[in-house]
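K.L.:
File name protein12.tsv; file contents TSV, C-alpha atoms; full text below.
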```tsv
chain	number	residue	atom	x	y	z
A	30	MET	CA	-28.04	-54.81	-6.43
A	31	LYS	CA	-26.10	-51.64	-6.85
A	32	PHE	CA	-29.33	-49.70	-7.30
A	33	LYS	CA	-30.81	-51.21	-4.12
A	34	SER	CA	-27.66	-50.53	-2.13
A	35	LYS	CA	-27.68	-46.94	-3.38
A	36	ILE	CA	-31.29	-46.50	-2.26
A	37	SER	CA	-30.53	-48.01	1.13
A	38	GLU	CA	-27.59	-45.64	1.62
A	39	GLU	CA	-29.80	-42.65	0.76
A	40	LYS	CA	-32.45	-43.91	3.21
A	41	LYS	CA	-29.83	-44.27	5.92
A	42	LEU	CA	-28.60	-40.75	5.32
A	43	PHE	CA	-32.17	-39.43	5.34
A	44	LEU	CA	-32.97	-41.25	8.61
A	45	ILE	CA	-29.77	-40.00	10.22
A	46	SER	CA	-30.63	-36.42	9.22
A	47	LEU	CA	-34.16	-36.75	10.60
A	48	SER	CA	-32.88	-38.24	13.85
A	49	LEU	CA	-30.35	-35.43	14.28
A	50	ILE	CA	-32.99	-32.77	13.65
A	51	PHE	CA	-35.48	-34.47	15.99
A	52	THR	CA	-32.90	-34.99	18.76
A	53	GLY	CA	-31.59	-31.44	18.53
A	54	ASN	CA	-35.04	-29.88	18.66
A	55	ILE	CA	-36.17	-32.09	21.56
A	56	ALA	CA	-32.99	-31.30	23.49
A	57	GLY	CA	-33.30	-27.57	22.80
A	58	PHE	CA	-36.96	-27.50	23.76
A	59	GLY	CA	-36.28	-29.50	26.92
A	60	ILE	CA	-33.42	-27.23	28.03
A	61	THR	CA	-35.55	-24.12	27.37
A	62	LEU	CA	-38.44	-25.60	29.35
A	63	TRP	CA	-36.14	-26.63	32.21
A	64	GLN	CA	-34.57	-23.16	32.36
A	65	TYR	CA	-38.03	-21.59	32.45
A	66	HIS	CA	-39.29	-23.74	35.35
A	67	THR	CA	-36.08	-23.73	37.39
A	68	ARG	CA	-35.39	-20.02	37.19
A	69	THR	CA	-35.51	-18.19	40.52
A	70	PRO	CA	-35.82	-14.48	41.23
A	71	THR	CA	-32.51	-12.69	41.79
A	72	GLN	CA	-32.09	-9.72	44.04
A	73	THR	CA	-28.35	-9.13	43.58
A	74	LEU	CA	-26.03	-8.25	40.73
A	75	GLU	CA	-22.25	-8.53	41.01
A	76	ARG	CA	-20.37	-5.24	40.70
A	77	LEU	CA	-17.01	-4.99	38.96
A	78	GLU	CA	-13.86	-3.98	40.82
A	79	TYR	CA	-13.02	-0.31	41.34
A	80	GLY	CA	-11.75	1.22	38.10
A	81	ALA	CA	-13.17	-1.56	35.87
A	82	GLY	CA	-16.16	0.62	34.92
A	83	ASP	CA	-19.91	0.10	34.88
A	84	TYR	CA	-21.85	-2.44	32.85
A	85	GLU	CA	-25.46	-3.10	31.86
A	86	GLU	CA	-27.49	-6.24	32.60
A	87	THR	CA	-30.76	-7.15	30.84
A	88	LEU	CA	-33.36	-8.68	33.20
A	89	THR	CA	-37.01	-9.67	32.96
A	90	ALA	CA	-39.17	-7.84	35.52
A	91	ARG	CA	-42.49	-9.44	36.59
A	92	THR	CA	-44.97	-7.47	38.68
A	93	GLU	CA	-47.58	-8.81	41.07
A	94	ASP	CA	-50.37	-8.50	38.53
A	95	GLY	CA	-48.48	-10.75	36.08
A	96	THR	CA	-47.05	-8.05	33.81
A	97	THR	CA	-43.57	-8.93	32.43
A	98	GLN	CA	-41.11	-6.58	30.79
A	99	GLU	CA	-37.43	-6.65	29.89
A	100	VAL	CA	-35.43	-3.91	31.59
A	101	ARG	CA	-31.79	-2.86	31.32
A	102	ILE	CA	-30.10	-2.07	34.63
A	103	ARG	CA	-26.84	-0.14	34.84
A	104	VAL	CA	-24.57	-1.74	37.44
A	105	PRO	CA	-21.98	0.72	38.79
A	106	GLU	CA	-18.47	-0.41	39.75
A	107	LYS	CA	-17.48	-1.04	43.35
A	108	THR	CA	-16.76	1.93	45.61
A	109	TYR	CA	-14.58	2.10	48.68
A	110	THR	CA	-15.76	2.99	52.14
A	111	GLN	CA	-14.51	6.22	53.64
A	112	GLU	CA	-12.11	4.41	55.97
A	113	LYS	CA	-10.72	2.17	53.18
A	114	ALA	CA	-10.33	5.12	50.83
A	115	ARG	CA	-8.39	7.12	53.42
A	116	GLU	CA	-6.19	4.12	54.15
A	117	LEU	CA	-5.34	3.73	50.47
A	118	LEU	CA	-4.64	7.46	50.10
A	119	THR	CA	-2.30	7.41	53.11
A	120	ASP	CA	-0.45	4.33	51.88
A	121	THR	CA	0.00	5.84	48.43
A	122	SER	CA	1.25	9.20	49.76
A	123	SER	CA	3.82	7.46	51.95
A	124	CYS	CA	5.55	5.87	48.96
A	125	LEU	CA	5.47	8.86	46.60
A	126	GLU	CA	8.91	10.14	47.51
A	127	SER	CA	10.63	6.89	46.58
A	128	VAL	CA	8.68	6.64	43.32
A	129	ILE	CA	9.23	10.12	41.85
A	130	CYS	CA	12.98	10.54	42.37
A	131	GLY	CA	13.95	9.05	39.03
A	132	LYS	CA	17.74	9.34	38.55
A	133	ASN	CA	18.07	11.67	41.53
A	134	LYS	CA	19.40	10.22	44.80
A	135	SER	CA	16.95	12.29	46.87
A	136	LEU	CA	14.58	15.24	46.59
A	137	ASP	CA	17.12	17.47	48.36
A	138	GLN	CA	19.23	17.65	45.20
A	139	ILE	CA	17.22	17.48	42.00
A	140	ARG	CA	19.49	17.57	38.95
A	141	TYR	CA	17.54	15.21	36.72
A	142	PRO	CA	13.87	15.29	35.68
A	143	LEU	CA	11.43	13.79	38.14
A	144	SER	CA	9.00	10.99	37.33
A	145	LEU	CA	5.54	12.32	38.20
A	146	PRO	CA	2.97	9.65	37.20
A	147	GLU	CA	-0.79	10.06	37.14
A	148	THR	CA	-1.34	6.63	38.72
A	149	LEU	CA	0.74	4.01	40.47
A	150	ALA	CA	0.86	0.33	39.66
A	151	ASP	CA	-1.80	-1.73	41.46
A	152	SER	CA	-3.32	1.40	43.00
A	153	PRO	CA	-6.69	2.99	42.14
A	154	VAL	CA	-5.57	6.41	43.41
A	155	ARG	CA	-5.39	9.29	40.92
A	156	LEU	CA	-2.48	11.76	41.19
A	157	PHE	CA	-2.48	15.44	40.14
A	158	TRP	CA	0.86	17.30	40.38
A	159	THR	CA	1.56	21.04	40.76
A	160	THR	CA	4.59	23.11	41.74
A	161	SER	CA	5.05	26.53	43.29
A	162	SER	CA	7.45	27.58	40.49
A	163	PRO	CA	6.56	25.98	37.17
A	164	ASP	CA	9.39	27.88	35.44
A	165	LEU	CA	11.92	26.10	37.68
A	166	LEU	CA	10.18	22.71	38.00
A	167	SER	CA	7.16	21.93	35.84
A	168	TRP	CA	4.26	19.68	36.78
A	169	GLU	CA	5.71	17.12	34.39
A	170	GLY	CA	8.95	17.02	36.41
A	171	THR	CA	11.25	18.79	33.95
A	172	ILE	CA	13.84	21.31	35.17
A	173	GLY	CA	13.71	24.87	33.81
A	174	ASP	CA	16.53	26.80	32.16
A	175	TYR	CA	16.84	29.58	34.76
A	176	VAL	CA	17.60	27.63	37.92
A	177	GLU	CA	20.26	29.26	40.11
A	178	ALA	CA	23.61	27.53	40.33
A	179	ASP	CA	23.42	27.11	44.14
A	180	GLY	CA	19.92	25.66	43.92
A	181	SER	CA	16.35	26.93	44.06
A	182	SER	CA	13.69	25.88	46.54
A	183	VAL	CA	10.41	24.68	45.07
A	184	THR	CA	7.30	23.27	46.73
A	185	LEU	CA	6.07	20.12	45.03
A	186	ARG	CA	2.41	19.27	45.57
A	187	CYS	CA	0.34	16.21	44.75
A	188	GLU	CA	-3.43	15.91	45.16
A	189	LEU	CA	-4.50	12.30	45.63
A	190	TYR	CA	-8.09	11.34	44.73
A	191	LEU	CA	-10.03	8.14	45.33
A	192	GLY	CA	-13.74	8.45	44.74
A	193	GLU	CA	-14.97	11.39	46.83
A	194	GLU	CA	-11.99	11.28	49.20
A	195	SER	CA	-8.82	13.34	48.63
A	196	LEU	CA	-5.47	13.98	50.30
A	197	LEU	CA	-2.85	16.69	49.75
A	198	TRP	CA	0.83	15.76	49.75
A	199	GLU	CA	3.52	18.47	49.82
A	200	LYS	CA	7.29	18.39	49.76
A	201	ASP	CA	9.88	21.19	49.68
A	202	VAL	CA	12.57	20.22	47.20
A	203	THR	CA	15.77	21.86	45.99
A	204	VAL	CA	16.29	22.13	42.27
A	205	TYR	CA	19.74	22.57	40.73
A	206	PRO	CA	20.58	23.34	37.10
A	207	LYS	CA	20.20	20.25	35.01
A	208	LYS	CA	23.40	18.59	34.01
A	209	LYS	CA	24.37	19.45	30.48
A	210	THR	CA	26.39	17.61	27.91
A	211	PRO	CA	29.40	19.43	26.35
A	212	GLU	CA	27.24	20.15	23.31
A	213	ASP	CA	24.50	21.69	25.47
A	214	ALA	CA	27.06	23.75	27.39
A	215	LEU	CA	28.59	25.08	24.17
A	216	GLU	CA	25.17	26.02	22.77
A	217	ALA	CA	24.22	27.79	26.01
A	218	SER	CA	27.50	29.73	26.02
A	219	ILE	CA	27.01	30.81	22.40
A	220	GLN	CA	23.42	31.88	23.07
A	221	LYS	CA	24.51	33.87	26.11
A	222	ALA	CA	27.29	35.61	24.15
A	223	VAL	CA	24.89	36.42	21.33
A	224	LEU	CA	22.38	37.99	23.72
A	225	GLU	CA	25.11	40.08	25.35
A	226	LYS	CA	26.10	41.54	21.98
A	227	ALA	CA	22.57	42.10	20.77
A	228	ASP	CA	21.69	45.74	20.08
A	229	SER	CA	19.32	47.71	17.88
A	230	SER	CA	21.30	47.12	14.68
A	231	PRO	CA	19.52	45.16	11.91
A	232	SER	CA	22.27	42.51	11.96
A	233	LEU	CA	23.21	40.28	14.85
A	234	LEU	CA	26.93	40.01	15.57
A	235	LEU	CA	28.11	36.51	16.38
A	236	PRO	CA	31.01	35.97	18.83
A	237	ASP	CA	34.53	35.19	17.62
A	238	THR	CA	35.60	33.24	20.69
A	239	ILE	CA	33.70	30.99	23.06
A	240	GLN	CA	35.22	29.68	26.30
A	241	GLY	CA	38.62	30.95	25.17
A	242	LYS	CA	38.47	29.15	21.84
A	243	SER	CA	37.97	30.68	18.41
A	244	VAL	CA	34.78	29.65	16.71
A	245	SER	CA	33.41	29.99	13.17
A	246	PHE	CA	29.78	29.73	12.12
A	247	TYR	CA	28.35	28.34	8.89
A	248	LYS	CA	24.79	28.27	7.70
A	249	LYS	CA	23.29	24.84	7.36
A	250	GLN	CA	23.59	23.74	3.78
A	251	GLU	CA	20.67	22.24	1.92
A	252	LYS	CA	21.25	18.65	0.89
A	253	ILE	CA	20.62	19.41	-2.76
A	254	GLY	CA	23.74	17.63	-3.97
A	255	LEU	CA	22.98	14.54	-1.92
A	256	TRP	CA	19.38	14.37	-3.11
A	257	LEU	CA	20.59	14.98	-6.68
A	258	SER	CA	23.01	12.07	-6.36
A	259	PHE	CA	20.27	9.83	-5.00
A	260	PHE	CA	17.90	10.90	-7.78
A	261	PHE	CA	20.30	10.24	-10.64
A	262	THR	CA	21.48	6.98	-9.05
A	263	PHE	CA	17.87	5.83	-8.85
A	264	LEU	CA	17.25	7.09	-12.38
A	265	GLY	CA	20.32	5.25	-13.66
A	266	PHE	CA	19.28	1.96	-12.09
A	267	SER	CA	15.69	2.37	-13.27
A	268	LEU	CA	16.77	2.82	-16.89
A	269	ILE	CA	17.86	-0.83	-17.11
A	270	PRO	CA	14.44	-2.36	-16.37
A	271	LEU	CA	12.82	0.49	-18.30
A	272	LYS	CA	14.89	-0.35	-21.35
A	273	LYS	CA	14.04	-4.03	-20.99
A	274	GLN	CA	10.36	-3.13	-20.69
A	275	ARG	CA	10.56	-0.98	-23.82
A	276	GLU	CA	12.30	-3.79	-25.71
A	277	LYS	CA	9.67	-6.23	-24.49
A	278	GLU	CA	6.88	-3.90	-25.61
A	279	LYS	CA	8.57	-3.41	-28.98
A	280	THR	CA	8.93	-7.18	-29.45
A	281	GLU	CA	5.30	-7.67	-28.46
A	282	ALA	CA	4.19	-4.99	-30.95
A	283	ILE	CA	6.16	-6.70	-33.72
A	284	ARG	CA	4.63	-10.05	-32.81
A	285	ARG	CA	1.10	-8.60	-32.89
A	286	GLU	CA	1.76	-6.99	-36.26
A	287	LEU	CA	3.03	-10.27	-37.67
A	288	GLN	CA	-0.02	-12.12	-36.30
A	289	ASN	CA	-2.37	-9.54	-37.80
A	290	ASP	CA	-0.76	-9.85	-41.25
A	291	TYR	CA	-0.53	-13.64	-41.21
A	292	PRO	CA	-4.14	-14.42	-42.31
A	293	ASP	CA	-3.80	-12.04	-45.28
A	294	ILE	CA	-0.48	-13.56	-46.34
A	295	ILE	CA	-1.84	-17.10	-46.09
A	296	SER	CA	-4.96	-16.11	-48.08
A	297	LYS	CA	-2.91	-14.48	-50.84
A	298	LEU	CA	-0.47	-17.39	-50.99
A	299	LEU	CA	-3.36	-19.87	-51.18
A	300	LEU	CA	-5.06	-17.80	-53.90
A	301	PHE	CA	-1.94	-17.70	-56.09
A	302	LEU	CA	-1.26	-21.40	-55.60
A	303	GLN	CA	-4.83	-22.25	-56.58
A	304	ALA	CA	-4.34	-20.07	-59.68
A	305	GLY	CA	-1.46	-22.32	-60.74
A	306	LEU	CA	1.57	-20.35	-59.59
A	307	THR	CA	4.46	-21.99	-57.79
A	308	VAL	CA	5.41	-21.09	-54.22
A	309	ARG	CA	8.35	-19.03	-55.42
A	310	ASN	CA	6.23	-17.15	-57.98
A	311	SER	CA	3.57	-16.58	-55.31
A	312	PHE	CA	6.18	-15.06	-52.99
A	313	GLU	CA	7.45	-12.85	-55.79
A	314	LYS	CA	3.90	-11.73	-56.66
A	315	ILE	CA	3.13	-10.88	-52.99
A	316	SER	CA	6.43	-8.96	-52.73
A	317	GLU	CA	5.80	-7.11	-56.03
A	318	ASP	CA	2.29	-6.02	-54.96
A	319	TYR	CA	3.57	-4.88	-51.56
A	320	LEU	CA	6.43	-2.80	-53.00
A	321	TYR	CA	4.06	-1.20	-55.53
A	322	SER	CA	1.54	-0.26	-52.82
A	323	LEU	CA	4.33	0.97	-50.57
A	324	GLN	CA	5.57	3.35	-53.27
A	325	LYS	CA	2.21	4.47	-54.59
A	326	TYR	CA	0.18	4.88	-51.40
A	327	LYS	CA	3.05	5.86	-49.07
A	328	MET	CA	2.19	3.03	-46.70
A	329	ASN	CA	4.12	2.33	-43.55
A	330	PRO	CA	6.45	-0.66	-43.94
A	331	ARG	CA	5.09	-3.98	-42.68
A	332	ILE	CA	7.59	-6.36	-41.15
A	333	SER	CA	6.05	-9.55	-42.55
A	334	TYR	CA	5.98	-8.22	-46.14
A	335	GLU	CA	9.50	-6.83	-45.76
A	336	GLU	CA	10.67	-10.32	-44.81
A	337	ILE	CA	8.88	-11.77	-47.87
A	338	ALA	CA	10.63	-9.18	-50.04
A	339	GLU	CA	13.96	-10.09	-48.42
A	340	THR	CA	13.27	-13.78	-49.14
A	341	CYS	CA	12.60	-12.93	-52.81
A	342	ARG	CA	15.90	-11.02	-53.02
A	343	GLU	CA	17.72	-14.03	-51.54
A	344	LEU	CA	16.08	-16.32	-54.10
A	345	GLN	CA	17.05	-13.97	-56.91
A	346	GLY	CA	20.60	-14.00	-55.55
A	347	GLY	CA	20.82	-17.75	-56.05
A	348	MET	CA	19.97	-19.07	-52.59
A	349	PRO	CA	18.18	-22.44	-52.59
A	350	GLU	CA	14.46	-22.26	-51.85
A	351	ILE	CA	14.63	-24.55	-48.82
A	352	GLN	CA	17.28	-22.39	-47.18
A	353	ALA	CA	15.46	-19.15	-48.09
A	354	TYR	CA	12.15	-20.36	-46.59
A	355	GLU	CA	13.93	-21.61	-43.50
A	356	ARG	CA	15.64	-18.23	-43.01
A	357	PHE	CA	12.25	-16.54	-43.56
A	358	GLY	CA	10.70	-18.52	-40.68
A	359	ASN	CA	13.66	-17.82	-38.39
A	360	ARG	CA	13.60	-14.06	-39.02
A	361	CYS	CA	9.91	-13.68	-38.09
A	362	PRO	CA	9.46	-13.77	-34.25
A	363	ALA	CA	6.06	-15.44	-34.44
A	364	SER	CA	5.32	-19.14	-34.31
A	365	GLU	CA	2.82	-18.96	-37.18
A	366	TYR	CA	5.56	-18.06	-39.71
A	367	LYS	CA	7.72	-20.94	-38.53
A	368	VAL	CA	4.78	-23.25	-39.26
A	369	LEU	CA	4.43	-21.69	-42.71
A	370	SER	CA	8.15	-22.16	-43.33
A	371	VAL	CA	7.90	-25.84	-42.40
A	372	LEU	CA	4.92	-26.32	-44.74
A	373	LEU	CA	6.77	-24.71	-47.66
A	374	ILE	CA	9.89	-26.81	-47.05
A	375	GLN	CA	7.84	-30.01	-46.83
A	376	ASN	CA	6.11	-29.03	-50.08
A	377	LEU	CA	9.48	-28.79	-51.83
A	378	LYS	CA	10.62	-32.13	-50.45
A	379	LYS	CA	7.42	-34.19	-50.89
A	380	GLY	CA	5.63	-32.50	-53.73
A	381	ASN	CA	2.47	-30.43	-54.10
A	382	GLN	CA	-0.14	-33.05	-53.22
A	383	SER	CA	-1.33	-31.69	-49.83
A	384	ILE	CA	0.01	-28.13	-49.69
A	385	LEU	CA	-3.32	-26.57	-50.68
A	386	LEU	CA	-5.24	-28.53	-48.07
A	387	LEU	CA	-2.72	-27.65	-45.37
A	388	LEU	CA	-2.76	-23.98	-46.32
A	389	GLU	CA	-6.58	-23.91	-46.28
A	390	ARG	CA	-6.56	-25.38	-42.79
A	391	GLU	CA	-3.86	-22.91	-41.73
A	392	ALA	CA	-5.88	-19.99	-43.16
A	393	ALA	CA	-8.98	-21.04	-41.21
A	394	GLU	CA	-7.00	-21.32	-37.98
A	395	ALA	CA	-5.37	-17.96	-38.63
A	396	LEU	CA	-8.77	-16.28	-39.05
A	397	GLU	CA	-10.02	-17.83	-35.81
A	398	GLU	CA	-6.89	-16.64	-34.04
A	399	ARG	CA	-7.42	-13.12	-35.40
A	400	LYS	CA	-10.99	-13.12	-34.05
A	401	ARG	CA	-9.76	-14.30	-30.66
A	402	GLN	CA	-7.09	-11.61	-30.55
A	403	ALA	CA	-9.66	-8.99	-31.54
A	404	ARG	CA	-11.89	-10.04	-28.62
A	405	ILE	CA	-8.93	-9.88	-26.21
A	406	GLN	CA	-7.94	-6.41	-27.44
A	407	GLY	CA	-11.53	-5.25	-27.09
A	408	GLU	CA	-11.67	-6.46	-23.50
A	409	GLN	CA	-8.34	-4.76	-22.73
A	410	ALA	CA	-9.57	-1.51	-24.25
A	411	SER	CA	-12.79	-1.64	-22.22
A	412	SER	CA	-10.83	-2.28	-19.00
A	413	LYS	CA	-8.62	0.73	-19.72
A	414	LEU	CA	-11.73	2.90	-20.00
A	415	ILE	CA	-12.90	2.06	-16.46
A	416	PHE	CA	-10.72	4.67	-14.74
A	417	PRO	CA	-11.71	7.56	-17.07
A	418	MET	CA	-15.36	6.60	-16.64
A	419	LEU	CA	-15.02	6.57	-12.85
A	420	LEU	CA	-13.25	9.92	-12.99
A	421	GLN	CA	-16.10	11.36	-15.06
A	422	LEU	CA	-18.61	9.95	-12.55
A	423	VAL	CA	-16.78	11.64	-9.67
A	424	ILE	CA	-16.71	14.95	-11.56
A	425	VAL	CA	-20.43	14.75	-12.35
A	426	LEU	CA	-21.30	13.90	-8.72
A	427	THR	CA	-19.14	16.79	-7.52
A	428	ILE	CA	-20.88	19.21	-9.86
A	429	LEU	CA	-24.29	17.99	-8.70
A	430	MET	CA	-23.53	17.91	-4.97
A	431	PHE	CA	-21.51	21.14	-4.68
A	432	PRO	CA	-24.55	23.46	-4.87
A	433	ALA	CA	-26.34	21.28	-2.30
A	434	PHE	CA	-23.44	21.62	0.13
A	435	LEU	CA	-23.33	25.39	-0.43
A	436	SER	CA	-26.99	25.68	0.48
A	437	PHE	CA	-26.19	24.51	4.03
A	438	TYR	CA	-23.93	27.50	4.68
```
In structure tokens, what does this structure look like?
P.N.:
Amino acid sequence: MKFKSKISEEKKLFLISLSLIFTGNIAGFGITLWQYHTRTPTQTLERLEYGAGDYEETLTARTEDGTTQEVRIRVPEKTYTQEKARELLTDTSSCLESVICGKNKSLDQIRYPLSLPETLADSPVRLFWTTSSPDLLSWEGTIGDYVEADGSSVTLRCELYLGEESLLWEKDVTVYPKKKTPEDALEASIQKAVLEKADSSPSLLLPDTIQGKSVSFYKKQEKIGLWLSFFFTFLGFSLIPLKKQREKEKTEAIRRELQNDYPDIISKLLLFLQAGLTVRNSFEKISEDYLYSLQKYKMNPRISYEEIAETCRELQGGMPEIQAYERFGNRCPASEYKVLSVLLIQNLKKGNQSILLLLEREAAEALEERKRQARIQGEQASSKLIFPMLLQLVIVLTILMFPAFLSFY
């Protein structure tokens, strides 16, 4: 029954899929056919509002002899009639005076910069500003530095454009020196006094008094001390995580060294136990061989063997074996040595029935772990070589392409 119900469900799904495909294709074909028969020729295209820009429309053109071809028609934006354009220009020019004053109360007394826009809000008219004296009043509306105290007369002009129509707006305005802050006034007074004392001497004499007050000048100091403080503060704070990172790397290096030595230690211990030696004698034999090799071949000390030698010294000093093996596992920061310590302690408590089997299993697992670590280190080494290889590729491409680029010049 389950098989039949499964087949019926698959048939239902298949029929639903076929019906959807059939319905969709029939509907699509019908809509396409309806659009083809109900289409009517069009003789108009809607134009966008003035300033919105032109756009292109793709149409199908059919001639009397039955030839059809797709054509792209550029539809320009709307344009204003001459009367409408002039009306808009006049309306815009009539409101210019109230728009450009800015902080000034009127154009008869200009003490603050004017606001001279290129367009007005909700108006298609373009504005182009000029002045009769750009050094007194610029086309951007800023006041010059040499305006007379009692005011200077300037003619402000604006050319208004809308399509092909234009209108000129002019206004005579009076510009007064821009209001200065106390800081600006002091700087202007100092500059004026400096220019008055300037002569042909190689050194420029600075004034002693400004506006009846004595003044002293100092060169701007470089912020070397401040940057030095910031640098050493940053360096001091960065040493803490740097030290932690170094300690972490050192601990990781010790752990890797212990893991690399573990299969050899297990193999030697297993070999000596199979030869009939006790665990203690095996430890002493491993320590004796290590110290001999260390002295004869000038080897670098190995942490795992140093801990074995320390365990042998503790045993020779009278420490119980269980405590010595437990301390050995605690001193080695790798989980494998803690497992070995537990195995040795259990061997002392329960006898030597299964120690060889457990050590053989531990040796096999240690070898597999060494292979896995070797694969990981190989992958890490290959990933570190990616950047040097890319750099070499860039250098080679540069050497090859440089003569080709030179040949173009």
K.L.:
Separation of CA of Phe431 (chain A) and CA of Lys413 (chain A), in Å?
P.N.:
28.4 Å
K.L.:
Can you pull out the residues contacting region 150-164 of chain A? Cut-off 12 Å, using only C-alpha atoms, and skip same-chain residues under 6 positions away; I want them as a ChimeraX atom specification.
P.N.:
/A:78-81,107-109,113-122,124-125,128-129,143-144,170-177,181-204
K.L.:
Edge lengths and centre in Å to one decimal, as lines of an AutoDock Vina configuration file, of the axis-aligned box that encloses all listed atoms of region 142-148 of chain A with 3 Å added on every side?
P.N.:
```
center_x = 6.3
center_y = 11.0
center_z = 37.2
size_x = 21.2
size_y = 14.7
size_z = 9.0
```
